[in-house]
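K.L.:
Before I ask anything, here is the structure I am working with.
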Amino acid sequence: MVTIFNRNPASPDAKGAAERKGLSRRDVLKRGGTASLGAILIISGSSIIHPQFAWGLETTNLKPETMATLIQLARDIYPHDHVPDRFYAIAVKPYDAKAGDDPKQKKMIEDGVADLDKRAGKGGYLGLDWEDRRLAILQKIEDTPFFQTIRGGLVTGLYNQKELWPLFGYEGESFSKGGYIARGFSDIEWL
Amino acid sequence: MAAPYDLKDDSVVVIIGSGAGGGTLGNELAQKGIDVVILEAGARHEYEDFINDEWESFGQLAWVDKRTTSGDWRVAKDFPNLPAWIVKSVGGSTTHWAGASLRFQDHEFQALTHYGKVKGANLLDWPITLAELEPYYAKAEDKMGVTRTNGIEGLPGNNNFKVLKAGADKLGYKECNTGHMAINSAERDGRMSCQQTGFCFQGCKWGAKWSTLYTEIPKGEKTGKLEVRPNSMVQKIEHDKSGKVTGVLYVDKDGKQQLQKARVVAVAGNSIESPRLLLNSESSMFPDGLANSSGQVGRNYMRHTTGSVYAVFEKPVHMYRGTVMAGIIQDEARHDPSRGFVGGYEMETLALGLPFMAAFLDPGGWGRSFTSALDQYVNMAGMWIVGEDMPQADNRITLHKDEKDKYGLPIANVNFSDHANDIAMRDYAYQRGQELYKSVGAVRTFPTPPYPSTHNLGTNRMSEKAKDGVVNKNGQTHDIKNLFVSDGSQFTTGGAENPTLTIVSLAIRQADYIAKEMAAKTI
């Protein structure tokens with residue numbers, strides 16, 4: 001089972017936070033791209049931990065390293081610099097559950113990620129520091145079922161998260177608030 | 001006999017579908033004392049059940065039974081099993097529609113005469129004129145409470161409209177206002193006024209927008225002469241040796257097959273399901289399907305030449321607040337071949353929520369070009385282009401050779417390719433739409449491809465001569481006297497206007513005709 005768990009904000013000291021939770025650090029993945037400078041994901045056992053923002057994701061069927069790559073891949077496909085990793089993690093987590101029911105899809109995803117790492121060379125996909133270097137790989141595989149499956153799933157997996165909408169200024173449901181008749185439906189002033 | 005009706009009661013008029021055509025026809029007949037059974041494939045969700053959430057509402061209302069697609073339209077690539085964005089629910093697509101209620105223009109009823117022969121197009125004049133339909137347009141506007149008719153005030157303009165209007169003024173467009181909308185601007189007919197909630201496409205939770213679900217249908221039911229059976233998927237129309245239709249085979253809410261006898265059958269399942277049903281009703285007497293001696297059943301599928309233009313400004317617009325279709329520019333709706341195409345188009349504001357914007361702005365798009373657009377969601381304004389498309393014989397609904405629905409009947413394939421005229425019109429409209437927004441300070445514009453079809457038309461078209469179409473000017477099939485078509489599939493050509501008002505007007509007119517013929521015992 002995959003869980004996304006949120007904890008109270010931990011110390012910004014990544015090492016300290018991880019240690020306090022008794023996790024042995026197996027790998028530390030430095031993340032590239034202007035969006036995530038300084039952000040660090042830690043893979044621990046079957047979990048991916050984001051110590052600074054105190055959330056984690058546990059995998060059951062996919063390798064945690066695969067999940068970490070999927071999170072970066074999701075951001076590279078739909079990069080929004082003001083959207084935290086947590087939302088991308090929630091968007092790709094269903095692939096872990098699906099991998100449990102569908103061995104074919106599990107293979108497609110593990111193979112797809114392995115292919116990304118292979119194309120990236122030493123250090124793998126996550127080792128490519130500039131977004132452009134990762135995009136150069138993605139442009140070569142954008143017609144593959146692997147890429148299209150991940151991209152297609154993100155359209156709802158990412159953008160249909162209600163908690164995400166305020167980050168785009170979208171206000172969602174409005175009936176319970178009486179619509180916008182008294183809440184700015186015609187408040188434009190700059191025209 | 002009063003509703004509910006017995007399956008063996010062969011005195012009833014059976015209507016298949018409860019949307020703009022079927023729901024209106026059902027109530028009109030019931031008001032005249034005629035016994036009606038409406039079979040609706042979808043469930044009955046009342047308006048308080050509607051959901052202010054795009055995907056969740058889609059799950060509640062949309063017709064998602066599998067269909068396949070072919071042809072060069074982009075929908076076939078991006079949404080291969082969702083050619084149309086229409087509804088399976090009591091009220092049909094009148095739950096989902098935006099409310100724009102425009103009359104056809106005079107010349108649009110005689111497209112062949114006015115446009116001349118267009119290569120590759122299967123143009124034909126309607127067998128009726130605007131003058132003949134005008135009294136029924138008036139009745140429909142009154143029934144639906146259309147703004148700017150019958151002394152009803154226009155709706156107030158929201159932010160999205162204000163941007164459109166400012167651009168219209170800059171470009172010198174003269175015919176721009178908040179539209180002729182079947183949305184109450186003040187309380188009327190027991191329904192409240194628009195609260196500028198947005199989510200018109202998800203069903204109006206206030207009941208301010210006209211839908212057969214909470215107007216025609218309950219009014220008909222109140223007479224005791226109308227029974228609506230939800231969750232009733234019609235499979236086949238049966239006929240006797242003389243070729244008259246005798247009843248309708250359907251699967252009921254419990255999954256059991258039933259036969260409802262009928263004196264008259266009216267098909268109103270929208271322009272994909274209606275021809276599919278006629279084709280699936282083939283028999284040894286009608287090997288090509290019912291009412292298909294012309295071979296035109298399923299052909300001439302039209303979907304309007306559509307597209308959207310979204311634009312990003314430096315400052316907030318909040319286009320999603322308020323009426324989705326909040327205003328219109330009609331200057332381009334005229335027929336003026338000097339623009340490089342025949343027919344015309346309307347420009348109407350449109351807004352999508354963030355989830356649907358992500359799905360429809362550029363289906364398949366990814367990367368920063370795409371996401372930087374969504375980052376500016378709050379600063380976006382948008383319009384929809386809706387124009388006349390050319391009927392083409394090979395744009396058609398056919399039965400799939402292999403794939404069947406869960407009851408074993410072939411599913412529909414929708415084949416569509418743009419005509420050169422459609423492309424010329426869309427490109428021109430994209431240009432004008434982008435100019436409009438740039439004139440009021442847009443920093444970036446997006447010519448957005450057509451969504452899955454909401455205006456599905458023409459697949460059982462009206463014609464003067466039996467060889468050219470499926471139904472006559474009353475929607476009565478040329479081949480079978482007691483079989484009618486009552487939805488937008490009757491349209492001979494599409495015009496530039498949103499079709500619902502015309503569908504409702506035709507249904508009111510058809511009810512008069514059916515009542516007259518029943519009284520005369522010719523059917």
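Here, A, B, ... name the chains of the structure tokens in the order displayed, residue numbers run from 1 inside each chain, and ligands are numbered from 1 in the same displayed order.
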Any idea what's packed within 9 Å of segment 159-167 of chain B, counting only C-alpha atoms, ignoring anything in its chain fewer than 3 positions away? Could you give it as a PyMOL selection string?

P.N.:
(chain A and resi 184-188+191) or (chain B and resi 170-173+176-178+317-322+324-329+348-351+380-383+435-440)

K.L.:
Write out the residues from the selection above, keeping N, CA, C and O atoms, as a compact mmCIF listing (two decimals), in the first residue's frame.

P.N.:
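As written to disk, selection18.txt reads:
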# COMPACT_ATOMS: atom_id res chain seq x y z
N GLY A 184 -17.64 39.23 -6.61
CA GLY A 184 -16.64 39.64 -7.59
C GLY A 184 -16.76 39.08 -8.98
O GLY A 184 -15.77 39.00 -9.69
N PHE A 185 -18.00 38.71 -9.42
CA PHE A 185 -18.10 38.19 -10.80
C PHE A 185 -17.81 39.28 -11.84
O PHE A 185 -17.47 38.97 -12.97
N SER A 186 -17.97 40.54 -11.43
CA SER A 186 -17.75 41.62 -12.40
C SER A 186 -16.87 42.71 -11.80
O SER A 186 -17.10 43.89 -12.01
N ASP A 187 -15.85 42.27 -11.07
CA ASP A 187 -15.05 43.25 -10.32
C ASP A 187 -13.82 43.76 -11.07
O ASP A 187 -12.97 44.42 -10.50
N ILE A 188 -13.73 43.46 -12.34
CA ILE A 188 -12.52 43.84 -13.09
C ILE A 188 -12.43 45.37 -13.15
O ILE A 188 -13.42 46.06 -13.39
N LEU A 191 -9.53 47.33 -17.01
CA LEU A 191 -9.82 47.47 -18.44
C LEU A 191 -9.88 48.94 -18.89
O LEU A 191 -10.45 49.75 -18.18
N LYS B 170 -13.00 47.84 -29.48
CA LYS B 170 -11.74 48.20 -30.14
C LYS B 170 -11.74 47.80 -31.61
O LYS B 170 -11.23 48.50 -32.48
N LEU B 171 -12.29 46.60 -31.88
CA LEU B 171 -12.28 46.11 -33.25
C LEU B 171 -13.45 46.66 -34.08
O LEU B 171 -13.56 46.35 -35.27
N GLY B 172 -14.32 47.40 -33.44
CA GLY B 172 -15.43 47.99 -34.17
C GLY B 172 -16.62 47.07 -34.35
O GLY B 172 -17.51 47.33 -35.16
N TYR B 173 -16.67 45.98 -33.61
CA TYR B 173 -17.85 45.12 -33.67
C TYR B 173 -19.03 45.84 -33.03
O TYR B 173 -18.88 46.51 -32.00
N CYS B 176 -22.53 43.20 -29.87
CA CYS B 176 -21.95 42.51 -28.73
C CYS B 176 -22.77 42.81 -27.49
O CYS B 176 -22.95 43.98 -27.13
N ASN B 177 -23.29 41.77 -26.87
CA ASN B 177 -24.05 41.96 -25.62
C ASN B 177 -23.99 40.67 -24.80
O ASN B 177 -23.29 39.74 -25.17
N THR B 178 -24.73 40.65 -23.69
CA THR B 178 -24.67 39.46 -22.83
C THR B 178 -25.59 38.34 -23.30
O THR B 178 -25.89 37.41 -22.55
N VAL B 317 -8.45 38.32 -14.37
CA VAL B 317 -9.76 38.33 -15.00
C VAL B 317 -10.75 37.47 -14.20
O VAL B 317 -11.89 37.83 -14.01
N HIS B 318 -10.30 36.33 -13.70
CA HIS B 318 -11.19 35.37 -13.02
C HIS B 318 -12.35 35.00 -13.93
O HIS B 318 -13.51 35.16 -13.57
N MET B 319 -12.03 34.48 -15.09
CA MET B 319 -13.07 34.22 -16.10
C MET B 319 -14.10 33.19 -15.64
O MET B 319 -15.21 33.16 -16.15
N TYR B 320 -13.70 32.33 -14.70
CA TYR B 320 -14.60 31.25 -14.27
C TYR B 320 -15.73 31.76 -13.38
O TYR B 320 -16.65 31.02 -13.07
N ARG B 321 -15.64 32.99 -12.94
CA ARG B 321 -16.70 33.52 -12.09
C ARG B 321 -17.90 33.92 -12.95
O ARG B 321 -17.77 34.71 -13.87
N GLY B 322 -19.04 33.38 -12.60
CA GLY B 322 -20.27 33.80 -13.27
C GLY B 322 -20.62 32.94 -14.48
O GLY B 322 -19.99 31.91 -14.75
N VAL B 324 -21.04 30.99 -17.68
CA VAL B 324 -19.96 30.47 -18.53
C VAL B 324 -20.01 31.13 -19.91
O VAL B 324 -19.00 31.61 -20.43
N MET B 325 -21.20 31.13 -20.51
CA MET B 325 -21.37 31.81 -21.79
C MET B 325 -22.00 33.15 -21.46
O MET B 325 -23.21 33.29 -21.40
N ALA B 326 -21.15 34.13 -21.20
CA ALA B 326 -21.62 35.37 -20.59
C ALA B 326 -21.85 36.48 -21.60
O ALA B 326 -22.27 37.57 -21.24
N GLY B 327 -21.53 36.22 -22.86
CA GLY B 327 -21.74 37.26 -23.85
C GLY B 327 -21.35 36.78 -25.23
O GLY B 327 -20.71 35.74 -25.39
N ILE B 328 -21.76 37.56 -26.22
CA ILE B 328 -21.63 37.12 -27.60
C ILE B 328 -21.28 38.29 -28.51
O ILE B 328 -21.64 39.44 -28.22
N ILE B 329 -20.55 37.99 -29.58
CA ILE B 329 -20.37 38.93 -30.69
C ILE B 329 -20.97 38.25 -31.91
O ILE B 329 -20.60 37.12 -32.23
N GLU B 348 -18.46 33.64 -28.58
CA GLU B 348 -19.17 33.60 -27.31
C GLU B 348 -18.18 33.37 -26.18
O GLU B 348 -17.29 32.53 -26.32
N THR B 349 -18.31 34.09 -25.09
CA THR B 349 -17.34 33.85 -24.01
C THR B 349 -17.47 32.41 -23.53
O THR B 349 -18.53 31.80 -23.62
N LEU B 350 -16.37 31.90 -23.05
CA LEU B 350 -16.37 30.57 -22.48
C LEU B 350 -15.28 30.53 -21.41
O LEU B 350 -14.25 31.17 -21.55
N ALA B 351 -15.54 29.78 -20.37
CA ALA B 351 -14.52 29.60 -19.34
C ALA B 351 -14.52 28.15 -18.91
O ALA B 351 -15.56 27.51 -18.86
N MET B 380 -6.58 34.87 -17.28
CA MET B 380 -7.07 34.44 -18.60
C MET B 380 -8.49 34.89 -18.87
O MET B 380 -9.32 34.92 -17.97
N ALA B 381 -8.73 35.21 -20.15
CA ALA B 381 -10.10 35.37 -20.65
C ALA B 381 -10.26 34.36 -21.78
O ALA B 381 -9.26 33.88 -22.33
N GLY B 382 -11.49 34.04 -22.11
CA GLY B 382 -11.67 33.04 -23.16
C GLY B 382 -12.95 33.20 -23.94
O GLY B 382 -13.94 33.72 -23.43
N MET B 383 -12.89 32.76 -25.17
CA MET B 383 -14.10 32.74 -26.02
C MET B 383 -14.16 31.45 -26.80
O MET B 383 -13.15 30.79 -27.05
N GLU B 435 -6.75 38.84 -32.33
CA GLU B 435 -6.65 40.31 -32.51
C GLU B 435 -7.48 41.03 -31.45
O GLU B 435 -7.06 42.04 -30.89
N LEU B 436 -8.67 40.47 -31.21
CA LEU B 436 -9.57 41.10 -30.24
C LEU B 436 -8.91 41.19 -28.87
O LEU B 436 -8.88 42.25 -28.24
N TYR B 437 -8.35 40.09 -28.42
CA TYR B 437 -7.76 40.11 -27.09
C TYR B 437 -6.48 40.95 -27.06
O TYR B 437 -6.19 41.64 -26.08
N LYS B 438 -5.71 40.91 -28.15
CA LYS B 438 -4.49 41.72 -28.18
C LYS B 438 -4.83 43.21 -28.14
O LYS B 438 -4.08 44.01 -27.57
N SER B 439 -5.97 43.56 -28.71
CA SER B 439 -6.35 44.98 -28.74
C SER B 439 -6.61 45.54 -27.35
O SER B 439 -6.63 46.74 -27.15
N VAL B 440 -6.86 44.65 -26.39
CA VAL B 440 -7.07 45.12 -25.02
C VAL B 440 -5.95 44.64 -24.09
O VAL B 440 -6.14 44.52 -22.88

K.L.:
Find the residues of chain A in contact range of chain B, meaning any atom within 7 Å when counting only C-alpha atoms, and list them as a list of chain:residue names.

P.N.:
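Matching residues, ligands excluded from the count: A:Asp76, A:Ile77, A:Tyr78, A:Pro79, A:His80, A:Val155, A:Thr156, A:Tyr159, A:Asn160, A:Phe168, A:Gly169, A:Tyr170, A:Glu173, A:Ser174, A:Phe175, A:Gly178, A:Gly179, A:Tyr180, A:Ile181, A:Phe185, A:Ser186, A:Asp187, A:Ile188.
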
K.L.:
Excluding segment 269-283 of chain B and residues on its chain fewer than 2 positions from it, collect all residues at most 9 Å away from it, counting only C-alpha atoms, and give them as an mmCIF file with C-alpha atoms, in the first residue's frame.

P.N.:
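Dumped to out.cif:
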data_model
loop_
_atom_site.group_PDB
_atom_site.id
_atom_site.type_symbol
_atom_site.label_atom_id
_atom_site.label_comp_id
_atom_site.auth_asym_id
_atom_site.auth_seq_id
_atom_site.Cartn_x
_atom_site.Cartn_y
_atom_site.Cartn_z
ATOM 1 C CA ILE B 16 -36.562 7.975 -26.859
ATOM 2 C CA GLY B 17 -34.548 10.584 -24.991
ATOM 3 C CA SER B 18 -35.559 13.383 -22.602
ATOM 4 C CA GLY B 19 -33.388 16.318 -23.717
ATOM 5 C CA GLY B 21 -36.109 17.523 -28.348
ATOM 6 C CA GLY B 22 -37.582 14.578 -26.452
ATOM 7 C CA GLU B 40 -34.289 7.788 -21.007
ATOM 8 C CA ALA B 41 -31.000 5.883 -20.983
ATOM 9 C CA ALA B 84 -18.928 13.987 -28.014
ATOM 10 C CA ILE B 86 -23.026 15.153 -24.159
ATOM 11 C CA GLY B 92 -30.219 15.066 -21.584
ATOM 12 C CA SER B 93 -27.773 17.712 -22.681
ATOM 13 C CA VAL B 234 -33.407 1.458 -26.070
ATOM 14 C CA GLN B 235 -31.939 -1.229 -28.304
ATOM 15 C CA LYS B 236 -34.278 -1.594 -31.205
ATOM 16 C CA ILE B 237 -37.471 -0.249 -32.764
ATOM 17 C CA GLU B 238 -39.826 -2.977 -33.946
ATOM 18 C CA HIS B 239 -42.223 -2.897 -36.873
ATOM 19 C CA VAL B 267 -36.315 9.235 -31.670
ATOM 20 C CA MET B 285 -37.765 -5.727 -44.531
ATOM 21 C CA PHE B 286 -35.326 -2.860 -43.802
ATOM 22 C CA PRO B 287 -31.884 -4.442 -44.237
ATOM 23 C CA ASP B 288 -30.073 -1.058 -44.158
ATOM 24 C CA GLY B 289 -31.819 0.065 -40.996
ATOM 25 C CA LEU B 290 -35.119 1.834 -40.358
ATOM 26 C CA ALA B 291 -36.056 4.875 -42.434
ATOM 27 C CA ASN B 292 -32.904 4.504 -44.476
ATOM 28 C CA VAL B 297 -29.118 7.720 -41.957
ATOM 29 C CA GLY B 298 -25.908 8.516 -40.094
ATOM 30 C CA ARG B 299 -24.489 10.680 -42.892
ATOM 31 C CA TYR B 301 -22.670 14.450 -39.378
ATOM 32 C CA MET B 302 -21.994 18.049 -38.362
ATOM 33 C CA ARG B 396 -20.971 9.837 -40.595
ATOM 34 C CA ILE B 397 -22.062 7.569 -37.809
ATOM 35 C CA THR B 398 -21.671 3.894 -38.655
ATOM 36 C CA LEU B 399 -22.012 0.690 -36.679
ATOM 37 C CA LEU B 409 -25.317 -4.350 -30.064
ATOM 38 C CA PRO B 410 -22.680 -2.730 -32.259
ATOM 39 C CA ILE B 411 -21.336 0.541 -30.873
ATOM 40 C CA ALA B 412 -21.142 3.710 -32.967
ATOM 41 C CA ASN B 413 -18.109 4.917 -34.854
ATOM 42 C CA VAL B 414 -17.949 8.649 -35.534
ATOM 43 C CA HIS B 455 -23.336 20.294 -31.028
ATOM 44 C CA ASN B 456 -23.979 17.026 -32.830
ATOM 45 C CA LEU B 457 -26.195 17.516 -35.861
ATOM 46 C CA GLY B 458 -27.486 16.323 -39.183
ATOM 47 C CA THR B 459 -27.369 12.529 -39.123
ATOM 48 C CA ASN B 460 -31.095 12.079 -39.922
ATOM 49 C CA VAL B 485 -36.974 12.136 -35.316
ATOM 50 C CA SER B 486 -37.104 14.937 -32.747
ATOM 51 C CA ASP B 487 -33.537 15.991 -32.015
ATOM 52 C CA GLY B 488 -30.721 17.901 -33.726
ATOM 53 C CA SER B 489 -30.094 15.015 -36.088
ATOM 54 C CA GLN B 490 -32.958 16.479 -38.163
#

K.L.:
Calculate how many Å separate atom CA of Gly23 of chain B from atom CA of Tyr250 of chain B, rounding to one decimal.

P.N.:
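Interatomic distance here is 18.3 Å.
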
K.L.:
What residues in segment 14-181 of chain B get the DSSP label alpha helix (DSSP H)? Please answer as a ChimeraX atom specification.

P.N.:
/B:20-31,54-61,75-78,111-115,130-144,159-171

K.L.:
Could you check how far atom CA of Met347 of chain B sits from atom CA of Trp384 of chain B, in Å to one decimal?

P.N.:
5.8 Å

K.L.:
So the first atom is atom CA of Thr448 of chain B and the second is atom CA of Trp165 of chain A; what is the distance between them in Å, to one decimal place?

P.N.:
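Distance reported for this atom pair: 21.7 Å.
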
K.L.:
Near Lys8 of chain B, counting only C-alpha atoms, which residues have an atom at most 8 Å away, once you skip same-chain residues fewer than 5 positions from it, shown as a PDB file with N, CA, C and O atoms, in the first residue's frame?

P.N.:
ATOM      1  N   LEU B 259     -40.399  -4.885 -23.806  1.00  0.00           N
ATOM      2  CA  LEU B 259     -40.944  -4.369 -25.062  1.00  0.00           C
ATOM      3  C   LEU B 259     -42.085  -3.417 -24.726  1.00  0.00           C
ATOM      4  O   LEU B 259     -43.080  -3.826 -24.123  1.00  0.00           O
ATOM      5  N   GLN B 260     -41.914  -2.158 -25.058  1.00  0.00           N
ATOM      6  CA  GLN B 260     -42.993  -1.182 -24.865  1.00  0.00           C
ATOM      7  C   GLN B 260     -43.696  -0.984 -26.195  1.00  0.00           C
ATOM      8  O   GLN B 260     -43.090  -0.556 -27.174  1.00  0.00           O
ATOM      9  N   LYS B 261     -44.972  -1.323 -26.214  1.00  0.00           N
ATOM     10  CA  LYS B 261     -45.755  -1.120 -27.432  1.00  0.00           C
ATOM     11  C   LYS B 261     -45.962   0.378 -27.674  1.00  0.00           C
ATOM     12  O   LYS B 261     -45.911   1.174 -26.733  1.00  0.00           O
TER      13      LYS B 261
END

K.L.:
With only C-alpha atoms as the counted atoms, please give the residues lying no more than 7 Å from His45 of chain B, apart from itself and same-chain residues fewer than 3 positions off, as a PDB file with C-alpha atoms, in the first residue's frame.

P.N.:
ATOM      1  CA  ASP B  49     -27.819  16.711  -6.974  1.00  0.00           C
ATOM      2  CA  SER B  89     -29.262  11.690 -17.658  1.00  0.00           C
ATOM      3  CA  VAL B  90     -32.886  12.795 -17.493  1.00  0.00           C
TER       4      VAL B  90
END

K.L.:
Please list as a ChimeraX atom specification every residue within 8 Å of segment 333-343 of chain B, counting only C-alpha atoms and excluding residues in the same chain fewer than 4 positions away.

P.N.:
/B:108,115,387-388,421-422,424-425,428,495-496

K.L.:
Quick one: residues within 10 Å of Val264 of chain B, only C-alpha atoms counted, chain neighbours fewer than 2 positions away excluded, as a PyMOL selection string?

P.N.:
chain B and resi 10-15+36+244-247+261-262+266+481-484+514+518+523

K.L.:
Residues of the last selection are to be written out with N, CA and C atoms, as a PDB file, in the first residue's frame.

P.N.:
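And here is the file that came out, selection_31.pdb:
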ATOM      1  N   ASP B  10     -50.668  -0.065 -26.518  1.00  0.00           N
ATOM      2  CA  ASP B  10     -50.153   0.346 -27.839  1.00  0.00           C
ATOM      3  C   ASP B  10     -50.788   1.653 -28.319  1.00  0.00           C
ATOM      4  N   SER B  11     -51.327   2.422 -27.342  1.00  0.00           N
ATOM      5  CA  SER B  11     -51.887   3.727 -27.730  1.00  0.00           C
ATOM      6  C   SER B  11     -50.915   4.863 -27.412  1.00  0.00           C
ATOM      7  N   VAL B  12     -49.794   4.540 -26.783  1.00  0.00           N
ATOM      8  CA  VAL B  12     -48.896   5.607 -26.322  1.00  0.00           C
ATOM      9  C   VAL B  12     -47.917   6.051 -27.415  1.00  0.00           C
ATOM     10  N   VAL B  13     -47.492   7.301 -27.262  1.00  0.00           N
ATOM     11  CA  VAL B  13     -46.363   7.785 -28.051  1.00  0.00           C
ATOM     12  C   VAL B  13     -45.113   7.507 -27.220  1.00  0.00           C
ATOM     13  N   VAL B  14     -44.178   6.769 -27.798  1.00  0.00           N
ATOM     14  CA  VAL B  14     -42.925   6.497 -27.093  1.00  0.00           C
ATOM     15  C   VAL B  14     -41.854   7.434 -27.628  1.00  0.00           C
ATOM     16  N   ILE B  15     -41.245   8.174 -26.708  1.00  0.00           N
ATOM     17  CA  ILE B  15     -40.167   9.094 -27.084  1.00  0.00           C
ATOM     18  C   ILE B  15     -38.871   8.564 -26.494  1.00  0.00           C
ATOM     19  N   VAL B  36     -47.929   9.676 -23.186  1.00  0.00           N
ATOM     20  CA  VAL B  36     -46.526   9.643 -23.595  1.00  0.00           C
ATOM     21  C   VAL B  36     -45.682   8.838 -22.610  1.00  0.00           C
ATOM     22  N   LYS B 244     -45.052  -0.395 -40.454  1.00  0.00           N
ATOM     23  CA  LYS B 244     -45.307   0.584 -39.386  1.00  0.00           C
ATOM     24  C   LYS B 244     -44.566   0.170 -38.120  1.00  0.00           C
ATOM     25  N   VAL B 245     -44.043   1.136 -37.381  1.00  0.00           N
ATOM     26  CA  VAL B 245     -43.393   0.751 -36.129  1.00  0.00           C
ATOM     27  C   VAL B 245     -44.457   0.436 -35.075  1.00  0.00           C
ATOM     28  N   THR B 246     -44.133  -0.551 -34.221  1.00  0.00           N
ATOM     29  CA  THR B 246     -45.126  -1.066 -33.276  1.00  0.00           C
ATOM     30  C   THR B 246     -44.676  -0.998 -31.828  1.00  0.00           C
ATOM     31  N   GLY B 247     -43.398  -0.805 -31.624  1.00  0.00           N
ATOM     32  CA  GLY B 247     -42.926  -0.786 -30.244  1.00  0.00           C
ATOM     33  C   GLY B 247     -41.424  -0.669 -30.178  1.00  0.00           C
ATOM     34  N   LYS B 261     -44.972  -1.323 -26.214  1.00  0.00           N
ATOM     35  CA  LYS B 261     -45.755  -1.120 -27.432  1.00  0.00           C
ATOM     36  C   LYS B 261     -45.962   0.378 -27.674  1.00  0.00           C
ATOM     37  N   ALA B 262     -46.212   0.744 -28.905  1.00  0.00           N
ATOM     38  CA  ALA B 262     -46.353   2.168 -29.205  1.00  0.00           C
ATOM     39  C   ALA B 262     -47.228   2.394 -30.433  1.00  0.00           C
ATOM     40  N   ALA B 266     -40.911   8.380 -31.407  1.00  0.00           N
ATOM     41  CA  ALA B 266     -40.096   9.548 -31.754  1.00  0.00           C
ATOM     42  C   ALA B 266     -38.695   9.332 -31.189  1.00  0.00           C
ATOM     43  N   LYS B 481     -44.507   6.269 -41.567  1.00  0.00           N
ATOM     44  CA  LYS B 481     -45.368   7.381 -41.139  1.00  0.00           C
ATOM     45  C   LYS B 481     -45.416   7.631 -39.649  1.00  0.00           C
ATOM     46  N   ASN B 482     -45.360   6.535 -38.860  1.00  0.00           N
ATOM     47  CA  ASN B 482     -45.479   6.745 -37.402  1.00  0.00           C
ATOM     48  C   ASN B 482     -44.130   6.702 -36.685  1.00  0.00           C
ATOM     49  N   LEU B 483     -43.072   7.017 -37.441  1.00  0.00           N
ATOM     50  CA  LEU B 483     -41.734   7.114 -36.852  1.00  0.00           C
ATOM     51  C   LEU B 483     -41.199   8.528 -37.085  1.00  0.00           C
ATOM     52  N   PHE B 484     -40.794   9.182 -35.992  1.00  0.00           N
ATOM     53  CA  PHE B 484     -40.335  10.572 -36.054  1.00  0.00           C
ATOM     54  C   PHE B 484     -38.916  10.700 -35.501  1.00  0.00           C
ATOM     55  N   ILE B 514     -48.002  15.994 -34.846  1.00  0.00           N
ATOM     56  CA  ILE B 514     -48.337  14.635 -34.390  1.00  0.00           C
ATOM     57  C   ILE B 514     -49.769  14.601 -33.848  1.00  0.00           C
ATOM     58  N   MET B 518     -52.654  12.338 -35.387  1.00  0.00           N
ATOM     59  CA  MET B 518     -53.287  11.311 -34.554  1.00  0.00           C
ATOM     60  C   MET B 518     -54.792  11.510 -34.548  1.00  0.00           C
ATOM     61  N   ILE B 523     -51.982   8.433 -38.411  1.00  0.00           N
ATOM     62  CA  ILE B 523     -50.917   7.681 -37.726  1.00  0.00           C
ATOM     63  C   ILE B 523     -51.485   7.079 -36.450  1.00  0.00           C
TER      64      ILE B 523
END

K.L.:
Pick out the closest residue to Asp240 of chain B from this set: B:Thr445, B:Ser463, B:Gln431, B:Ser284. Count only C-alpha atoms.

P.N.:
B:Ser284

K.L.:
Point out the residue among B:Thr306, B:Ser294, B:Asp142, B:His180 with the least atom-to-atom distance to Pro452 of chain B, counting only C-alpha atoms.

P.N.:
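Closest candidate: B:Thr306.
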